[in-house]
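Asker: Sending over target28.txt (compact mmCIF, C-alpha atoms).
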```
# COMPACT_ATOMS: atom_id res chain seq x y z
CA MET U 183 -163.79 -122.26 96.03
CA THR U 184 -160.67 -122.50 93.87
CA PRO U 185 -158.04 -119.99 94.94
CA PRO U 186 -158.54 -116.89 92.76
CA LEU U 187 -154.85 -116.80 91.94
CA LEU U 188 -155.30 -119.92 89.88
CA ARG U 189 -158.15 -118.37 87.91
CA PRO U 190 -156.47 -115.40 86.27
CA PRO U 191 -158.45 -113.13 83.93
CA GLY U 192 -159.11 -114.60 80.51
CA TYR U 193 -158.73 -112.89 77.16
CA VAL U 194 -161.44 -110.89 75.43
CA PRO U 195 -163.57 -112.73 72.89
CA VAL U 196 -162.80 -112.30 69.20
CA PRO U 197 -165.51 -110.04 67.73
CA GLU U 198 -167.56 -111.40 64.85
CA GLY U 199 -166.14 -110.24 61.54
CA THR U 200 -162.47 -110.45 62.53
CA HIS U 201 -161.03 -113.72 61.25
CA PRO U 202 -161.83 -115.39 57.94
CA PRO U 203 -164.31 -118.25 58.24
CA LEU U 204 -162.53 -121.63 58.13
CA ASN U 205 -165.01 -122.72 55.49
CA SER U 206 -164.23 -120.27 52.68
CA PRO U 207 -165.11 -122.08 49.44
CA GLY U 208 -163.28 -119.59 47.21
CA TYR U 209 -160.04 -120.88 48.72
CA ARG U 210 -160.22 -124.43 47.50
CA SER U 211 -157.87 -126.03 50.03
CA THR U 212 -160.36 -125.26 52.80
CA GLY U 213 -162.75 -127.87 51.36
CA LEU U 214 -161.03 -130.94 52.78
CA ARG U 215 -159.25 -129.29 55.68
CA ALA U 216 -161.65 -126.98 57.48
CA PRO U 217 -163.46 -128.88 60.23
CA ALA U 218 -167.14 -129.54 59.51
CA GLN U 219 -168.23 -129.67 63.16
CA GLN U 220 -168.72 -126.62 65.34
CA PRO U 221 -165.89 -126.07 67.84
CA ILE U 222 -166.56 -126.56 71.53
CA VAL U 223 -165.97 -123.51 73.71
CA LEU U 224 -162.91 -123.80 75.94
CA PRO U 225 -163.05 -121.33 78.84
CA HIS U 226 -159.69 -119.71 79.51
CA ARG U 227 -157.95 -121.45 82.36
CA LEU U 228 -154.31 -121.68 83.32
CA THR U 229 -153.06 -123.44 80.18
CA GLU U 230 -154.74 -120.87 77.95
CA VAL U 231 -153.64 -117.70 79.78
CA THR U 232 -150.04 -118.83 79.87
CA GLY U 233 -147.85 -119.49 76.86
CA PRO U 234 -144.26 -119.84 75.76
CA LEU U 235 -142.18 -116.73 76.42
CA LEU U 236 -139.64 -117.54 73.76
CA THR U 237 -136.45 -115.62 73.27
CA GLY U 238 -134.04 -118.42 72.53
CA PRO U 239 -134.31 -118.83 68.78
CA VAL U 240 -133.37 -115.24 67.88
CA ARG U 241 -129.77 -114.62 66.86
CA PRO U 242 -128.17 -111.34 65.86
CA GLY U 243 -128.89 -110.59 62.22
CA ASP U 244 -132.05 -112.68 62.07
CA ASP U 245 -134.02 -109.47 61.49
CA ASP U 246 -132.19 -108.73 58.23
CA LEU U 247 -133.30 -111.01 55.41
CA THR U 248 -131.19 -109.22 52.80
CA VAL U 249 -127.88 -110.65 53.98
CA GLY U 250 -127.21 -113.82 52.02
CA ALA U 251 -124.46 -116.39 52.28
CA ASN U 252 -122.47 -114.82 49.45
CA GLY U 253 -123.92 -111.36 49.04
CA GLU U 254 -127.02 -109.26 49.18
CA ALA U 255 -130.47 -110.47 48.21
CA LEU U 256 -131.84 -109.07 44.94
CA GLY U 257 -134.86 -106.82 44.92
CA GLN U 258 -136.33 -103.61 46.27
CA ARG U 259 -134.93 -103.17 49.76
CA ILE U 260 -137.60 -102.35 52.35
CA VAL U 261 -137.98 -101.91 56.08
CA VAL U 262 -141.09 -103.50 57.57
CA PHE U 263 -141.77 -102.27 61.05
CA GLY U 264 -144.54 -101.66 63.53
CA ARG U 265 -145.85 -102.23 67.00
CA VAL U 266 -147.42 -105.31 68.54
CA LEU U 267 -150.33 -104.26 70.76
CA ASP U 268 -153.16 -105.98 72.52
CA SER U 269 -156.77 -104.99 72.00
CA GLY U 270 -156.61 -102.97 75.21
CA GLY U 271 -154.01 -100.77 73.50
CA ARG U 272 -151.12 -102.07 75.58
CA PRO U 273 -147.82 -102.85 73.86
CA VAL U 274 -146.68 -106.48 73.85
CA PRO U 275 -142.97 -106.36 74.73
CA ASP U 276 -140.30 -109.07 74.33
CA THR U 277 -142.39 -111.29 72.11
CA LEU U 278 -141.15 -113.41 69.22
CA VAL U 279 -142.08 -112.24 65.71
CA GLU U 280 -141.33 -114.66 62.87
CA VAL U 281 -141.67 -113.88 59.15
CA TRP U 282 -141.26 -115.75 55.89
CA GLN U 283 -141.79 -114.72 52.30
CA ALA U 284 -141.11 -115.27 48.61
CA ASN U 285 -138.14 -113.64 46.92
CA ALA U 286 -138.34 -110.59 44.65
CA ALA U 287 -139.36 -112.80 41.74
CA GLY U 288 -142.21 -114.37 43.71
CA ARG U 289 -140.54 -117.70 44.40
CA TYR U 290 -140.08 -119.40 47.76
CA ALA U 291 -136.82 -121.15 48.58
CA HIS U 292 -138.84 -124.31 49.25
CA ARG U 293 -138.60 -127.72 47.58
CA TRP U 294 -142.29 -127.67 46.66
CA ASP U 295 -142.21 -124.30 44.93
CA ASN U 296 -141.16 -125.03 41.37
CA TRP U 297 -142.84 -122.44 39.20
CA PRO U 298 -140.41 -120.99 36.65
CA ALA U 299 -139.23 -117.87 38.44
CA PRO U 300 -135.60 -117.57 39.48
CA LEU U 301 -134.34 -118.53 42.89
CA ASP U 302 -132.02 -116.09 44.63
CA PRO U 303 -129.08 -117.90 46.24
CA ASN U 304 -128.76 -115.03 48.71
CA PHE U 305 -132.35 -115.09 49.90
CA THR U 306 -133.78 -117.80 52.12
CA GLY U 307 -136.86 -115.77 53.05
CA GLY U 308 -137.06 -116.46 56.79
CA GLY U 309 -136.50 -114.00 59.62
CA ARG U 310 -137.24 -113.47 63.30
CA THR U 311 -136.92 -110.85 65.97
CA LEU U 312 -138.26 -109.85 69.38
CA THR U 313 -140.35 -106.79 70.10
CA ASP U 314 -138.64 -104.25 72.33
CA ALA U 315 -139.94 -102.84 75.60
CA HIS U 316 -142.47 -100.70 73.66
CA GLY U 317 -143.72 -103.60 71.53
CA ASP U 318 -141.86 -102.30 68.48
CA TYR U 319 -140.24 -104.55 65.88
CA SER U 320 -138.43 -104.01 62.60
CA PHE U 321 -137.20 -106.18 59.73
CA THR U 322 -135.04 -105.34 56.75
CA THR U 323 -135.98 -107.38 53.71
CA ILE U 324 -136.82 -107.11 50.02
CA LYS U 325 -140.29 -106.64 48.61
CA PRO U 326 -141.64 -110.09 47.73
CA GLY U 327 -143.01 -110.72 44.25
CA ALA U 328 -146.47 -111.95 43.35
CA TYR U 329 -146.81 -115.53 42.14
CA PRO U 330 -149.33 -117.76 40.42
CA TRP U 331 -151.01 -120.64 42.22
CA GLY U 332 -153.47 -123.25 41.11
CA ASN U 333 -156.52 -122.19 43.06
CA HIS U 334 -158.51 -121.02 40.03
CA HIS U 335 -157.81 -119.96 36.44
CA ASN U 336 -155.00 -117.38 36.34
CA ALA U 337 -154.87 -117.05 40.12
CA TRP U 338 -152.09 -114.85 41.52
CA ARG U 339 -151.25 -114.24 45.15
CA PRO U 340 -150.76 -110.55 45.94
CA ALA U 341 -147.30 -109.82 47.34
CA HIS U 342 -147.29 -110.68 51.04
CA ILE U 343 -145.13 -111.47 54.05
CA HIS U 344 -146.20 -114.19 56.48
CA PHE U 345 -146.16 -113.17 60.16
CA SER U 346 -146.28 -115.39 63.25
CA LEU U 347 -146.84 -114.02 66.77
CA PHE U 348 -147.06 -115.53 70.23
CA GLY U 349 -147.92 -112.72 72.60
CA ARG U 350 -147.79 -113.92 76.18
CA ALA U 351 -150.58 -116.47 76.20
CA PHE U 352 -151.69 -119.50 74.20
CA THR U 353 -154.88 -117.54 73.57
CA GLN U 354 -152.99 -114.75 71.78
CA ARG U 355 -151.24 -116.90 69.19
CA LEU U 356 -151.68 -115.46 65.69
CA VAL U 357 -150.43 -116.27 62.21
CA THR U 358 -151.32 -113.80 59.49
CA GLN U 359 -150.10 -112.25 56.25
CA MET U 360 -149.09 -108.65 55.62
CA TYR U 361 -150.00 -107.17 52.24
CA PHE U 362 -148.79 -104.04 50.45
CA PRO U 363 -151.06 -101.05 49.83
CA ASP U 364 -153.10 -100.75 46.64
CA ASP U 365 -152.18 -104.14 45.23
CA PRO U 366 -154.14 -104.66 42.01
CA LEU U 367 -154.28 -108.40 42.75
CA PHE U 368 -156.46 -108.02 45.85
CA ALA U 369 -159.74 -108.29 43.96
CA GLN U 370 -159.06 -111.81 42.69
CA ASP U 371 -157.39 -113.29 45.78
CA PRO U 372 -159.65 -115.57 47.83
CA ILE U 373 -157.28 -115.71 50.81
CA TYR U 374 -157.21 -111.94 51.28
CA ASN U 375 -160.92 -111.69 50.52
CA ALA U 376 -161.77 -114.41 53.04
CA VAL U 377 -161.14 -111.75 55.70
CA PRO U 378 -164.43 -109.99 56.47
CA GLU U 379 -164.53 -106.82 54.38
CA GLN U 380 -164.45 -104.30 57.23
CA ALA U 381 -161.32 -105.98 58.66
CA ARG U 382 -159.28 -106.35 55.45
CA HIS U 383 -157.43 -103.06 55.81
CA ARG U 384 -155.89 -104.41 59.01
CA VAL U 385 -153.75 -106.88 57.05
CA VAL U 386 -152.47 -104.18 54.67
CA ALA U 387 -149.33 -102.26 55.59
CA THR U 388 -149.11 -98.51 55.09
CA PHE U 389 -146.30 -96.83 53.20
CA ASP U 390 -144.45 -94.56 55.63
CA LEU U 391 -142.36 -91.90 53.93
CA ASP U 392 -141.02 -90.60 57.25
CA ALA U 393 -139.62 -94.00 58.08
CA THR U 394 -137.88 -94.54 54.76
CA ARG U 395 -134.09 -94.65 54.94
CA PRO U 396 -132.76 -92.03 52.51
CA GLU U 397 -130.57 -93.50 49.80
CA TRP U 398 -131.30 -96.96 51.21
CA ALA U 399 -134.78 -98.43 51.70
CA LEU U 400 -138.52 -97.84 51.46
CA ALA U 401 -140.53 -98.38 54.63
CA PHE U 402 -143.88 -100.00 55.39
CA ARG U 403 -145.64 -99.91 58.74
CA PHE U 404 -147.60 -102.94 59.95
CA ASP U 405 -149.05 -102.80 63.45
CA ILE U 406 -150.40 -106.05 64.82
CA VAL U 407 -153.14 -106.33 67.43
CA LEU U 408 -153.52 -109.45 69.58
CA ARG U 409 -156.34 -110.26 71.98
CA GLY U 410 -156.20 -108.29 75.22
CA ARG U 411 -157.01 -109.25 78.76
CA GLU U 412 -160.45 -109.31 80.33
CA GLN U 413 -160.63 -106.62 82.97
CA THR U 414 -162.12 -108.82 85.67
CA PRO U 415 -161.30 -112.37 86.68
CA PHE U 416 -163.10 -114.95 84.64
CA GLU U 417 -166.01 -116.41 86.55
CA GLU U 418 -166.53 -120.06 85.86
CA PRO U 419 -170.00 -121.49 86.22
CA HIS U 420 -170.38 -123.62 89.28
CA ALA U 421 -170.61 -127.29 88.58
CA MET Z 169 -161.13 -81.62 73.90
CA THR Z 170 -159.48 -84.86 72.97
CA ALA Z 171 -161.50 -87.99 72.52
CA THR Z 172 -160.10 -91.23 73.87
CA PRO Z 173 -158.98 -93.22 70.84
CA PRO Z 174 -160.98 -96.39 70.30
CA PRO Z 175 -159.23 -99.60 71.31
CA PRO Z 176 -157.29 -101.07 68.41
CA ALA Z 177 -159.10 -103.76 66.44
CA LEU Z 178 -157.71 -107.29 66.25
CA THR Z 179 -155.52 -108.29 63.34
CA PRO Z 180 -157.25 -110.99 61.27
CA SER Z 181 -155.69 -114.40 60.85
CA GLN Z 182 -154.45 -115.82 57.54
CA THR Z 183 -153.29 -119.28 56.49
CA VAL Z 184 -149.66 -120.33 57.02
CA GLY Z 185 -149.68 -121.59 53.43
CA PRO Z 186 -147.58 -124.50 52.17
CA TYR Z 187 -144.17 -122.99 52.81
CA LEU Z 188 -144.36 -122.42 56.56
CA SER Z 189 -141.18 -124.41 57.13
CA LEU Z 190 -139.18 -121.42 55.83
CA GLY Z 191 -140.17 -119.45 58.89
CA LEU Z 192 -141.58 -121.71 61.56
CA THR Z 193 -139.42 -124.77 61.95
CA TRP Z 194 -136.58 -125.04 64.42
CA PRO Z 195 -134.07 -127.88 64.68
CA ASP Z 196 -135.05 -128.44 68.32
CA GLY Z 197 -138.72 -127.61 67.82
CA PRO Z 198 -139.98 -131.11 68.71
CA ASP Z 199 -137.85 -131.21 71.86
CA VAL Z 200 -140.05 -130.00 74.70
CA VAL Z 201 -137.34 -131.72 76.71
CA PRO Z 202 -133.87 -132.70 75.46
CA ALA Z 203 -133.04 -136.26 74.48
CA GLY Z 204 -132.12 -138.39 77.47
CA THR Z 205 -134.41 -136.58 79.93
CA PRO Z 206 -135.64 -139.05 82.56
CA GLY Z 207 -139.35 -139.76 82.15
CA ALA Z 208 -139.48 -138.44 78.60
CA ILE Z 209 -142.36 -139.61 76.44
CA THR Z 210 -143.08 -139.29 72.75
CA VAL Z 211 -146.46 -137.96 71.71
CA GLY Z 212 -147.32 -137.98 68.02
CA GLY Z 213 -149.56 -139.20 65.26
CA THR Z 214 -150.79 -138.24 61.84
CA VAL Z 215 -152.78 -135.32 60.50
CA THR Z 216 -155.37 -136.28 57.90
CA ASP Z 217 -157.95 -134.39 55.84
CA GLY Z 218 -161.57 -135.01 54.88
CA ASP Z 219 -160.50 -137.73 52.43
CA ALA Z 220 -158.36 -139.37 55.15
CA ALA Z 221 -155.31 -138.31 53.14
CA ALA Z 222 -152.12 -137.30 54.94
CA VAL Z 223 -151.61 -133.58 55.45
CA ALA Z 224 -147.92 -133.17 54.68
CA ASP Z 225 -147.72 -129.41 55.19
CA ALA Z 226 -149.17 -128.88 58.66
CA LEU Z 227 -147.47 -127.52 61.74
CA ILE Z 228 -148.32 -128.81 65.21
CA GLU Z 229 -147.60 -126.73 68.29
CA THR Z 230 -148.02 -127.98 71.84
CA TRP Z 231 -148.23 -126.11 75.15
CA GLN Z 232 -148.49 -127.78 78.52
CA SER Z 233 -147.73 -127.67 82.22
CA ASP Z 234 -144.76 -129.39 83.76
CA PRO Z 235 -145.27 -132.75 85.52
CA ALA Z 236 -146.26 -130.86 88.67
CA GLY Z 237 -149.04 -129.06 86.81
CA ARG Z 238 -147.27 -125.72 86.80
CA PHE Z 239 -146.19 -123.18 84.22
CA ASP Z 240 -143.01 -121.15 83.94
CA HIS Z 241 -145.04 -117.99 83.38
CA PRO Z 242 -145.95 -114.92 85.44
CA ASP Z 243 -149.64 -115.82 85.30
CA ASP Z 244 -148.99 -118.99 87.25
CA PRO Z 245 -148.34 -117.50 90.68
CA ARG Z 246 -147.14 -120.85 92.00
CA GLY Z 247 -144.19 -120.80 89.59
CA ALA Z 248 -142.65 -123.74 87.80
CA VAL Z 249 -141.14 -126.78 89.43
CA SER Z 250 -137.63 -127.28 88.16
CA HIS Z 251 -137.38 -129.80 85.33
CA PRO Z 252 -134.11 -128.96 83.61
CA GLY Z 253 -134.56 -128.26 79.92
CA PHE Z 254 -138.37 -128.39 80.04
CA ARG Z 255 -139.71 -125.74 77.65
CA GLY Z 256 -143.42 -126.53 77.83
CA PHE Z 257 -143.68 -125.70 74.14
CA GLY Z 258 -143.24 -128.01 71.18
CA ARG Z 259 -143.39 -127.30 67.48
CA VAL Z 260 -143.09 -129.77 64.63
CA PRO Z 261 -144.05 -129.77 60.95
CA THR Z 262 -145.70 -132.91 59.60
CA ASP Z 263 -143.58 -135.05 57.30
CA ASP Z 264 -144.49 -136.29 53.83
CA ASP Z 265 -146.76 -138.92 55.40
CA GLY Z 266 -148.52 -136.42 57.64
CA ARG Z 267 -146.71 -137.64 60.75
CA TRP Z 268 -145.62 -135.51 63.69
CA ALA Z 269 -144.15 -136.19 67.13
CA VAL Z 270 -142.75 -134.28 70.08
CA ARG Z 271 -140.59 -135.45 72.97
CA THR Z 272 -141.96 -134.22 76.27
CA LEU Z 273 -142.90 -135.08 79.85
CA LEU Z 274 -146.38 -136.06 80.96
CA PRO Z 275 -148.21 -132.91 82.06
CA GLY Z 276 -149.44 -132.75 85.63
CA ALA Z 277 -152.96 -132.21 86.89
CA LEU Z 278 -154.08 -128.59 87.22
CA PRO Z 279 -156.46 -127.38 89.89
CA GLY Z 280 -159.80 -128.85 88.80
CA GLN Z 281 -158.49 -130.18 85.50
CA ALA Z 282 -157.04 -133.46 84.26
CA PRO Z 283 -153.52 -133.43 82.81
CA HIS Z 284 -153.63 -132.16 79.23
CA ILE Z 285 -151.65 -130.62 76.39
CA ASP Z 286 -153.11 -127.75 74.34
CA VAL Z 287 -152.49 -128.16 70.62
CA SER Z 288 -152.57 -125.70 67.71
CA VAL Z 289 -152.77 -127.00 64.15
CA PHE Z 290 -151.72 -124.74 61.29
CA ALA Z 291 -151.85 -125.69 57.60
CA ARG Z 292 -152.50 -124.57 54.09
CA GLY Z 293 -156.27 -124.52 53.80
CA LEU Z 294 -156.73 -123.45 57.42
CA LEU Z 295 -157.43 -119.72 57.45
CA ASP Z 296 -156.99 -119.72 61.22
CA ARG Z 297 -155.31 -122.25 63.48
CA VAL Z 298 -157.53 -124.96 64.90
CA VAL Z 299 -157.07 -125.88 68.56
CA THR Z 300 -157.53 -129.18 70.31
CA ARG Z 301 -156.38 -130.90 73.51
CA ILE Z 302 -154.60 -134.13 74.31
CA TYR Z 303 -155.64 -136.08 77.41
CA PHE Z 304 -153.96 -139.27 78.63
CA PRO Z 305 -155.56 -142.62 79.41
CA GLY Z 306 -153.59 -143.13 82.63
CA PHE Z 307 -155.61 -140.49 84.46
CA ALA Z 308 -159.06 -142.06 84.24
CA GLU Z 309 -160.28 -140.59 87.51
CA ALA Z 310 -159.19 -137.03 86.69
CA ASN Z 311 -160.49 -137.37 83.14
CA ALA Z 312 -163.89 -138.38 84.50
CA THR Z 313 -164.29 -135.02 86.24
CA ASP Z 314 -162.47 -132.76 83.78
CA PRO Z 315 -164.69 -129.77 82.94
CA LEU Z 316 -163.87 -129.74 79.23
CA LEU Z 317 -164.27 -133.48 78.68
CA ALA Z 318 -167.59 -133.20 80.53
CA VAL Z 319 -169.04 -130.97 77.80
CA VAL Z 320 -167.75 -133.00 74.86
CA PRO Z 321 -170.37 -135.42 73.51
CA GLU Z 322 -169.44 -138.88 74.70
CA GLU Z 323 -169.21 -140.35 71.19
CA ARG Z 324 -166.55 -137.80 70.26
CA ARG Z 325 -164.60 -137.74 73.51
CA HIS Z 326 -162.16 -140.43 72.35
CA THR Z 327 -160.76 -138.01 69.77
CA LEU Z 328 -159.15 -136.08 72.65
CA LEU Z 329 -157.54 -139.13 74.27
CA ALA Z 330 -154.04 -140.24 73.37
CA VAL Z 331 -153.59 -143.98 72.85
CA PRO Z 332 -150.66 -145.94 74.33
CA ASP Z 333 -148.36 -146.90 71.48
CA GLY Z 334 -145.48 -148.80 73.03
CA PRO Z 335 -143.20 -147.94 75.95
CA ASP Z 336 -143.24 -144.21 76.68
CA ARG Z 337 -145.12 -143.50 73.46
CA TYR Z 338 -148.58 -142.09 72.91
CA ARG Z 339 -150.45 -141.74 69.65
CA PHE Z 340 -152.68 -138.78 68.94
CA ASP Z 341 -154.08 -138.58 65.42
CA ILE Z 342 -155.69 -135.38 64.22
CA ARG Z 343 -158.54 -135.68 61.72
CA LEU Z 344 -159.30 -132.24 60.41
CA ARG Z 345 -162.62 -133.15 58.82
CA GLY Z 346 -164.99 -136.00 58.13
CA ALA Z 347 -165.31 -139.41 59.78
CA GLY Z 348 -163.89 -139.35 63.28
CA GLU Z 349 -163.26 -135.60 63.09
CA THR Z 350 -161.19 -134.43 66.04
CA VAL Z 351 -162.98 -132.22 68.53
CA PHE Z 352 -161.71 -128.67 68.02
CA LEU Z 353 -161.99 -125.92 70.57
CA GLN Z 354 -162.96 -122.27 70.43
CA LEU Z 355 -160.80 -120.08 72.62
```
Here is a file; write its structure as structure tokens.

Answerer:
Amino acid sequence: MTPPLLRPPGYVPVPEGTHPPLNSPGYRSTGLRAPAQQPIVLPHRLTEVTGPLLTGPVRPGDDDLTVGANGEALGQRIVVFGRVLDSGGRPVPDTLVEVWQANAAGRYAHRWDNWPAPLDPNFTGGGRTLTDAHGDYSFTTIKPGAYPWGNHHNAWRPAHIHFSLFGRAFTQRLVTQMYFPDDPLFAQDPIYNAVPEQARHRVVATFDLDATRPEWALAFRFDIVLRGREQTPFEEPHA
Amino acid sequence: MTATPPPPALTPSQTVGPYLSLGLTWPDGPDVVPAGTPGAITVGGTVTDGDAAAVADALIETWQSDPAGRFDHPDDPRGAVSHPGFRGFGRVPTDDDGRWAVRTLLPGALPGQAPHIDVSVFARGLLDRVVTRIYFPGFAEANATDPLLAVVPEERRHTLLAVPDGPDRYRFDIRLRGAGETVFLQL
């Protein structure tokens, strides 16, 4: 028998109806990119229950996207904050949170984004931070604008901020998008609507009046839930 | 009487979109080990779509044990073996031709498993990451008894094997869809 220490508990399965299906025809780019074959189940072993515990890339100020090279970014200043938890309700401390977004006019500071909205020389749109001991994080940024894209006639992406999370295990890795409440563009957006209906509210931030900074910034709360640990050690079938 | 709150529900995944490099690329991302590390190898290839066209806006992430088969992580009770500068994690966006590469060390065998690297692929058009694994041809005996390779249909197993590509270089192409589609894994 393999020593039990080398077979740590795995992570709970993802319930049906959580993630968008890879094959989501309304989002045209899935057509040539989503795998056609069914994935093969990989039981959680050592490589999957471990993962990079990254702290290195974060420098002071990386959590404030409004500070540009020569001044302040243009737009509605906001604080985006929340807690990273696992599905057992436990906070995920000291974990890297990365964000990127369009500027207030809905344009990304990226060489491929060339729709005619102005660039902001003081907004690069990337930020990162670590959660604290309670799993809490906070960014200061500007509210991103909506923008058109070529997916279908008159397609517009609702305003959103991209989020990337590691947790503490390869199994917990998550990239998602945070949306703003009551966006009138939701109904026509195939990326948002690819999320199963009962789970869509989990990618929408809530406006939090108590967390606003008077005379300074609006505040939106976005809690993020990663997969939690199985309670008992994973039992592998005997060969 | 207070009811126990239900456990929080998982946050759904969304695509990284085409502009991921604004948030997810690091200058030293591809350096699982620094340049000049003894024993360093390069592992890389191309990412292609269902038309065999290059995917120029993907991000590859790698996670692996050190050459002794250990992880610098609390869930590996054996602890890491010291390999100065070894991060275990690599991250690289594909270039305009869909190419990617990381500089790393060969992973070691794990208890009951052949040496391998876990890989996440993110891209526009992928609403969730897809996951695969790289195995190496130099470990034929371990590969023959690896529990994952054992459940992959034989005609698709080659998609998980890196190919020697010159001294200290291995090629691992990722075909997202269609002919020769890479085996992807459900975690």

Asker: Can you pull out the residues contacting Val385 (chain U)? Cut-off 8 Å, using only C-alpha atoms, and skip same-chain residues under 6 positions away; I want them as a list in words.

Answerer: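 Result of the neighbour search: Thr358, Gln359, Met360, Tyr361 and Phe404 of chain U; Thr179 and Pro180 of chain Z.
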
Asker: I'd like a table as a tab-separated table: residues in chain U with an atom no more than 6 Å from chain Z, each row giving the shortest atom pair and its distance in Å to one decimal, all atoms listed in the file counted, sorted by chain and rising residue number.

Answerer:
```
residue	atom	partner	partner_atom	distance
U:Thr200	CA	Z:Pro180	CA	5.4
U:His201	CA	Z:Pro180	CA	4.7
U:Leu204	CA	Z:Leu295	CA	5.5
U:Ser211	CA	Z:Gly293	CA	4.4
U:Thr212	CA	Z:Gly293	CA	4.3
U:Leu214	CA	Z:Gly218	CA	4.6
U:Arg215	CA	Z:Asp217	CA	5.3
U:Pro217	CA	Z:Arg345	CA	4.6
U:Ala218	CA	Z:Arg345	CA	5.8
U:Pro221	CA	Z:Leu353	CA	4.8
U:Ile222	CA	Z:Leu353	CA	4.7
U:Val223	CA	Z:Gln354	CA	4.6
U:Leu224	CA	Z:Leu355	CA	5.4
U:Ser269	CA	Z:Pro176	CA	5.3
U:Gly270	CA	Z:Pro175	CA	5.8
U:Gly271	CA	Z:Pro175	CA	5.8
U:Val281	CA	Z:Gly191	CA	5.8
U:Trp282	CA	Z:Gly191	CA	4.9
U:Gly308	CA	Z:Gly191	CA	4.8
U:Val357	CA	Z:Ser181	CA	5.7
U:Thr358	CA	Z:Gln182	CA	4.2
U:Gln359	CA	Z:Gln182	CA	5.8
U:Arg384	CA	Z:Thr179	CA	5.8
U:Ile406	CA	Z:Thr179	CA	5.8
U:Val407	CA	Z:Leu178	CA	4.8
U:Leu408	CA	Z:Leu178	CA	5.8
```

Asker: With only C-alpha atoms as the counted atoms, please give the residues lying no more than 8 Å from Tyr329 (chain U), apart from itself and same-chain residues fewer than 5 positions off, as a ChimeraX atom specification.

Answerer: /U:287-289,338-341

Asker: Restricting the calculation to all atoms listed in the file, which member of Z:Ala277, Z:Ile302, Z:Trp268, Z:Glu229 is positioned closest to Arg355 (chain U)?

Answerer: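 Looking only at the distances to Arg355 (chain U), the closest residue turns out to be Z:Glu229.
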
Asker: Quick one: residues within 6 Å of (-144.1, -107.0, 70.4) (file frame), counting only C-alpha atoms, please, as a ChimeraX atom specification.

Answerer: /U:266,274-277,313,317-318

Asker: Give me, as a list in words, all polymer residues having an atom no more than 7 Å from region 247-252 of chain U, counting only C-alpha atoms and skipping those fewer than 3 positions away in the same chain.

Answerer: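 Surrounding residues, per the criterion: Asp244, Ala255, Asn304, Phe305, Gly307, Gly308, Gly309, Thr322, Thr323 and Ile324 of chain U.
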
Asker: Please measure the separation of CA of Pro203 (chain U) and CA of Ala376 (chain U), giving the value in Å to one decimal.

Answerer: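 About the pair CA of Pro203 (chain U) and CA of Ala376 (chain U): they are 6.9 Å apart.
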